[in-house]
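Below is one structure, written out as structure tokens; comments come after it.
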Amino acid sequence: AGGAPFAAVDLGASSGRVMLGRVAAGGGVELVEAHRFPNRPVRVAGTLHWDVLALYRGVLDGLREAGRRAGGRLAGVGIDSWAVDFGLLDASGALLGNPVHYRDGRTAGVAERVGRLLPPEEMYRATGLRALPFNTVYQLAALEGSPQLAAARRLLLMPDLVSSWLTGVAGTELTNASTTGLIDPRTGGWAREVAEAVGVDLGLFAPLRRPGEPAGELLPEVLAECGLTGPVPVTAVGSHDTASAVVGVPATRDGFAYVATGTWSLAGLELPAPVVSEAARRADFTNELGVDGTVRFLRNIMGLWLLQECLREWAGGGEEPALGPLLEEAAALPGPGPVVDAGDEEFLAPGGMPARIAAACRRSGQPEPAGRAAMVRCVLDSLALAHREAVAEAARLAGAEVRVVHVVGGGARNALLCQLTADACGLPVVAGPTEAASLGNVLVQARAAGRVRGGLSRLRSCVAASQTLGRFTPRGDAAVWEAAARRIAEDGRG
Ligand code: ADP
Ligand code: LRH
């Protein structure tokens, strides 16, 4: 129904996918997966890189499969991915090295060094961005004086890099640009005084573009390789995956919080304007720009990364233990048991995760989780607790009321996580869709093409009307979660 479908390219830290979205005249949206491919970072010469050509291969394969299912005709393509990372290009447009993973250690200590050039309080007032070590501004500061940066004439954030390979057009999409640490969230323009103080050349960035604006057309070579009939427009969507995921939140009224859970959990509120108070900075809240001039006021929580890394460790280079039975066992355990601070940057780097979690439990005077199911339960209790704290603090800092929590992303498939989140928050949880980012991506394209009209609430009602959602009612006693929060506060590191 409704003409040719749209393709959404959504690159996550654990997998990339190309989804095919059909939008009916009445606004109903149907999403099917055309292709999914693993995202496997590679450590080479001591640095953790993204395998960007393997990802691009996955995008081309996905567009080919999407086209095959759509008789060679796509109404458009939109690209979103994880934030902050980038490729540097030389004067000829060639990529200068493989993009480096935000979990690489090259930014260790850089935020502190930059803080001596521009105090963190001022940086926050100017950009509203939490000083996470991997923010683009710190990655660029880490590269200062390197031959790579000296040769660079262009910086493209990951989705913009993929987009430029597909279209030959370079741009900087605003929602993702707002994670660089170089954007003023009030104006949506560059924070020039920050760039100047830190020594970042803003001339590296291509012109800003907003979600819904045209971003070129697929190049003839891409059309040929993917078996597509042109022209196929590419639209700048909310190219930060979290921006697109929050468009895909199926909220039917105001007063909602969201938790976008995949590799990360991004938990907070959508606001009309940023909150850049000193209290917000001290509480580790960030202000990222969303679609239609909105702001995402949220906390970065380590998310299912903690679980992914436990599974990887237990696999010992072989096959990972099956998640289903482990979750069943974990659900049968009493809880909340021992918990760790799932917002702590100590869990950012890969490797040895079960031992690191056990050590954090010991440090705060709690027993180590005994066995794998107990470790899984510890991770999920810790995430639920972090979701609770983020939602409650965001509401307090923004003076907002929250009546429902929407859990979207891959974690919405984890019924135990959704139930524990409802329990900890003491609020009803609506779970799904798992592919909220792709839905947000498709709907912004469909609106730009005139297939749907209206603001975010209209786009959200399209999602709510056509996706199957789970519902979780809070159980038990909120006091046990308060007690769990106090156990973390007693962490021996002070
Ligand atoms: P990203 O976009 O960061 O790559 P996703 O949104 O795809 O992440 O979420 C991936 C996570 O979703 C996995 O790490 C896993 O924990 C969870 N997940 C996916 N499928 C299931 C499932 N069937 N049951 C429980 N959890 C799941
Ligand atoms: C999630 C995400 C998140 C960022 C992180 C680097 O995929 O985009 O919003 O903070 O990656």
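Going by the structure tokens order, chains are called A, B, ..., each with residues numbered from 1, while ligands are numbered from 1 in the order shown.
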
Who sits within 12 Å of A:Val100, only C-alpha atoms, same chain under 3 positions skipped, as a ChimeraX atom specification: /A:41-52,84-88,96-97,103-107,134,136,139-140,142-143,157-158

Given the selection you just returned, output its residues as a file containing C-alpha atoms, formatted as an mmCIF file, in the first residue's frame.
```cif
data_model
loop_
_atom_site.group_PDB
_atom_site.id
_atom_site.type_symbol
_atom_site.label_atom_id
_atom_site.label_comp_id
_atom_site.auth_asym_id
_atom_site.auth_seq_id
_atom_site.Cartn_x
_atom_site.Cartn_y
_atom_site.Cartn_z
ATOM 1 C CA PRO A 41 35.113 -4.015 15.832
ATOM 2 C CA VAL A 42 38.758 -4.896 15.155
ATOM 3 C CA ARG A 43 41.740 -4.134 17.383
ATOM 4 C CA VAL A 44 44.759 -3.451 15.207
ATOM 5 C CA ALA A 45 48.141 -2.061 16.283
ATOM 6 C CA GLY A 46 46.704 -1.440 19.732
ATOM 7 C CA THR A 47 43.724 0.656 18.602
ATOM 8 C CA LEU A 48 40.089 -0.474 18.532
ATOM 9 C CA HIS A 49 38.550 0.354 15.129
ATOM 10 C CA TRP A 50 35.196 0.042 13.452
ATOM 11 C CA ASP A 51 35.361 -2.175 10.367
ATOM 12 C CA VAL A 52 33.774 0.561 8.281
ATOM 13 C CA VAL A 84 30.236 10.682 18.270
ATOM 14 C CA ASP A 85 32.522 8.679 15.926
ATOM 15 C CA PHE A 86 33.764 9.895 12.545
ATOM 16 C CA GLY A 87 35.987 9.407 9.546
ATOM 17 C CA LEU A 88 38.608 11.941 8.467
ATOM 18 C CA LEU A 96 42.421 8.723 6.307
ATOM 19 C CA GLY A 97 42.470 5.532 8.357
ATOM 20 C CA ARG A 103 35.523 2.527 23.459
ATOM 21 C CA ASP A 104 39.181 2.851 22.472
ATOM 22 C CA GLY A 105 41.485 4.126 25.191
ATOM 23 C CA ARG A 106 42.912 7.043 23.195
ATOM 24 C CA THR A 107 40.747 9.564 25.035
ATOM 25 C CA PHE A 134 34.507 9.805 23.872
ATOM 26 C CA THR A 136 33.959 13.992 19.364
ATOM 27 C CA GLN A 139 38.608 12.513 20.265
ATOM 28 C CA LEU A 140 39.762 15.487 18.181
ATOM 29 C CA ALA A 142 43.402 13.395 21.420
ATOM 30 C CA LEU A 143 44.428 13.624 17.736
ATOM 31 C CA LEU A 157 30.260 11.573 11.420
ATOM 32 C CA MET A 158 29.513 7.875 10.800
#
```

Around ligand 2, out to 7 Å and counting only C-alpha atoms and all ligand atoms, which residues are there? I want them as a PyMOL selection string. chain A and resi 12-13+81-84+102+240-242+263-264+266+300

Tell me which protein, DNA and RNA residues are within 12 Å of A:Ala224, counting only C-alpha atoms, leaving out same-chain ones fewer than 5 positions away, and put them as an NGL selection string. :A and (60 or 63-64 or 67 or 72 or 166 or 218-219 or 229-232)

Can you write out the residues you just picked, keeping N, CA and C atoms, as a PDB file, in the first residue's frame?
```pdb
ATOM      1  N   LEU A  60      25.258  -1.938   1.462  1.00  0.00           N
ATOM      2  CA  LEU A  60      24.995  -2.190   0.030  1.00  0.00           C
ATOM      3  C   LEU A  60      24.202  -3.493  -0.151  1.00  0.00           C
ATOM      4  N   LEU A  63      20.655  -2.780   0.865  1.00  0.00           N
ATOM      5  CA  LEU A  63      19.884  -1.991  -0.110  1.00  0.00           C
ATOM      6  C   LEU A  63      19.518  -2.865  -1.312  1.00  0.00           C
ATOM      7  N   ARG A  64      20.450  -3.753  -1.678  1.00  0.00           N
ATOM      8  CA  ARG A  64      20.162  -4.659  -2.809  1.00  0.00           C
ATOM      9  C   ARG A  64      18.978  -5.557  -2.458  1.00  0.00           C
ATOM     10  N   GLY A  67      15.790  -3.587  -2.315  1.00  0.00           N
ATOM     11  CA  GLY A  67      15.336  -3.311  -3.680  1.00  0.00           C
ATOM     12  C   GLY A  67      14.715  -4.552  -4.316  1.00  0.00           C
ATOM     13  N   GLY A  72      12.805  -3.273  -7.242  1.00  0.00           N
ATOM     14  CA  GLY A  72      13.838  -2.353  -7.717  1.00  0.00           C
ATOM     15  C   GLY A  72      13.548  -0.889  -7.425  1.00  0.00           C
ATOM     16  N   LEU A 166      27.262   6.980  -0.456  1.00  0.00           N
ATOM     17  CA  LEU A 166      26.102   6.585  -1.275  1.00  0.00           C
ATOM     18  C   LEU A 166      25.706   7.663  -2.271  1.00  0.00           C
ATOM     19  N   LEU A 218      21.046   8.529  -4.514  1.00  0.00           N
ATOM     20  CA  LEU A 218      21.992   7.422  -4.680  1.00  0.00           C
ATOM     21  C   LEU A 218      22.748   7.612  -5.991  1.00  0.00           C
ATOM     22  N   LEU A 219      24.079   7.436  -5.938  1.00  0.00           N
ATOM     23  CA  LEU A 219      24.926   7.580  -7.127  1.00  0.00           C
ATOM     24  C   LEU A 219      24.605   6.479  -8.141  1.00  0.00           C
ATOM     25  N   THR A 229      16.287   1.137  -9.451  1.00  0.00           N
ATOM     26  CA  THR A 229      15.937   2.107 -10.479  1.00  0.00           C
ATOM     27  C   THR A 229      15.929   3.497  -9.855  1.00  0.00           C
ATOM     28  N   GLY A 230      16.673   4.440 -10.450  1.00  0.00           N
ATOM     29  CA  GLY A 230      16.744   5.793  -9.901  1.00  0.00           C
ATOM     30  C   GLY A 230      15.606   6.654 -10.401  1.00  0.00           C
ATOM     31  N   PRO A 231      15.476   7.872  -9.924  1.00  0.00           N
ATOM     32  CA  PRO A 231      16.274   8.389  -8.816  1.00  0.00           C
ATOM     33  C   PRO A 231      15.783   7.872  -7.457  1.00  0.00           C
ATOM     34  N   VAL A 232      16.722   7.677  -6.517  1.00  0.00           N
ATOM     35  CA  VAL A 232      16.363   7.333  -5.132  1.00  0.00           C
ATOM     36  C   VAL A 232      16.901   8.431  -4.215  1.00  0.00           C
TER      37      VAL A 232
END
```

Counting only C-alpha atoms and all ligand atoms, what are the residues, protein, DNA or RNA alike, that approach ligand 1 to within 8 Å? I want them as a PyMOL selection string. chain A and resi 10-16+39+82+241+260-264+304-305+307-308+323-324+327+408-415+434-435

List every residue of stretch 281-367 of chain A that DSSP, applied to the backbone of this structure, places in alpha helix (DSSP H), and write the result as a ChimeraX atom specification. /A:281-282,305-315,323-332,353-363

Residues from last step as file, C-alpha atoms, as a PDB file, in the first residue's frame:
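Below is the file out-v2.pdb, written as the result:
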```pdb
ATOM      1  CA  ARG A 281      25.733  18.741  34.931  1.00  0.00           C
ATOM      2  CA  ARG A 282      26.541  17.338  38.356  1.00  0.00           C
ATOM      3  CA  TRP A 305      26.737  -3.950  26.825  1.00  0.00           C
ATOM      4  CA  LEU A 306      27.240  -5.338  30.341  1.00  0.00           C
ATOM      5  CA  LEU A 307      25.340  -8.489  29.379  1.00  0.00           C
ATOM      6  CA  GLN A 308      26.924  -8.729  25.907  1.00  0.00           C
ATOM      7  CA  GLU A 309      30.365  -8.585  27.477  1.00  0.00           C
ATOM      8  CA  CYS A 310      29.522 -11.266  30.080  1.00  0.00           C
ATOM      9  CA  LEU A 311      28.272 -13.564  27.314  1.00  0.00           C
ATOM     10  CA  ARG A 312      31.390 -12.899  25.252  1.00  0.00           C
ATOM     11  CA  GLU A 313      33.612 -13.710  28.224  1.00  0.00           C
ATOM     12  CA  TRP A 314      31.715 -16.923  29.008  1.00  0.00           C
ATOM     13  CA  ALA A 315      32.006 -17.951  25.363  1.00  0.00           C
ATOM     14  CA  LEU A 323      20.382 -16.144  26.536  1.00  0.00           C
ATOM     15  CA  GLY A 324      16.828 -17.558  26.880  1.00  0.00           C
ATOM     16  CA  PRO A 325      17.536 -20.186  29.601  1.00  0.00           C
ATOM     17  CA  LEU A 326      19.841 -17.780  31.478  1.00  0.00           C
ATOM     18  CA  LEU A 327      17.085 -15.140  31.561  1.00  0.00           C
ATOM     19  CA  GLU A 328      14.571 -17.731  32.811  1.00  0.00           C
ATOM     20  CA  GLU A 329      16.885 -18.752  35.619  1.00  0.00           C
ATOM     21  CA  ALA A 330      17.651 -15.127  36.439  1.00  0.00           C
ATOM     22  CA  ALA A 331      13.920 -14.327  36.616  1.00  0.00           C
ATOM     23  CA  ALA A 332      13.416 -17.087  39.194  1.00  0.00           C
ATOM     24  CA  MET A 353      33.282  -7.941  32.510  1.00  0.00           C
ATOM     25  CA  PRO A 354      32.090 -10.609  35.005  1.00  0.00           C
ATOM     26  CA  ALA A 355      35.207 -10.049  37.130  1.00  0.00           C
ATOM     27  CA  ARG A 356      34.821  -6.261  36.966  1.00  0.00           C
ATOM     28  CA  ILE A 357      31.169  -6.497  38.036  1.00  0.00           C
ATOM     29  CA  ALA A 358      32.058  -8.885  40.866  1.00  0.00           C
ATOM     30  CA  ALA A 359      34.788  -6.489  42.028  1.00  0.00           C
ATOM     31  CA  ALA A 360      32.345  -3.552  42.052  1.00  0.00           C
ATOM     32  CA  CYS A 361      29.928  -5.609  44.192  1.00  0.00           C
ATOM     33  CA  ARG A 362      32.690  -6.460  46.687  1.00  0.00           C
ATOM     34  CA  ARG A 363      33.809  -2.843  46.856  1.00  0.00           C
TER      35      ARG A 363
END
```

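Shortest separation to A:Ala464 among A:Gly352, A:Pro433, A:Gly343, A:Gly440 occurs at residue A:Pro433, atoms counted being only C-alpha atoms.
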
Neighbours of stretch 370-384 of chain A within 6 Å (only C-alpha atoms; same-chain residues fewer than 5 positions away dropped), as a ChimeraX atom specification? /A:326,329-330,336,338-340,342,417,420-421

Please report the interatomic distance between atom CA of A:Ala280 and atom CA of A:Gln419 in Å with one decimal. 27.8 Å

Quick one: everything within 9 Å of A:Ile183, counting only C-alpha atoms, minus sequence neighbours fewer than 5 positions away in the same chain. Send it as an MDAnalysis selection string. chainID A and resid 126:129 174 177:178 188:192 194

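You can rank A:Arg447, A:Arg69, A:Val480, A:Glu122 by their closest distance to A:Pro334 using only C-alpha atoms, and at the top of that list sits A:Val480.
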
At a cut-off of 9 Å, using only C-alpha atoms, what residues contact A:Glu225? Leave out same-chain residues fewer than 2 positions from it and give the result as a PyMOL selection string. chain A and resi 60-61+64+220-223+227-228
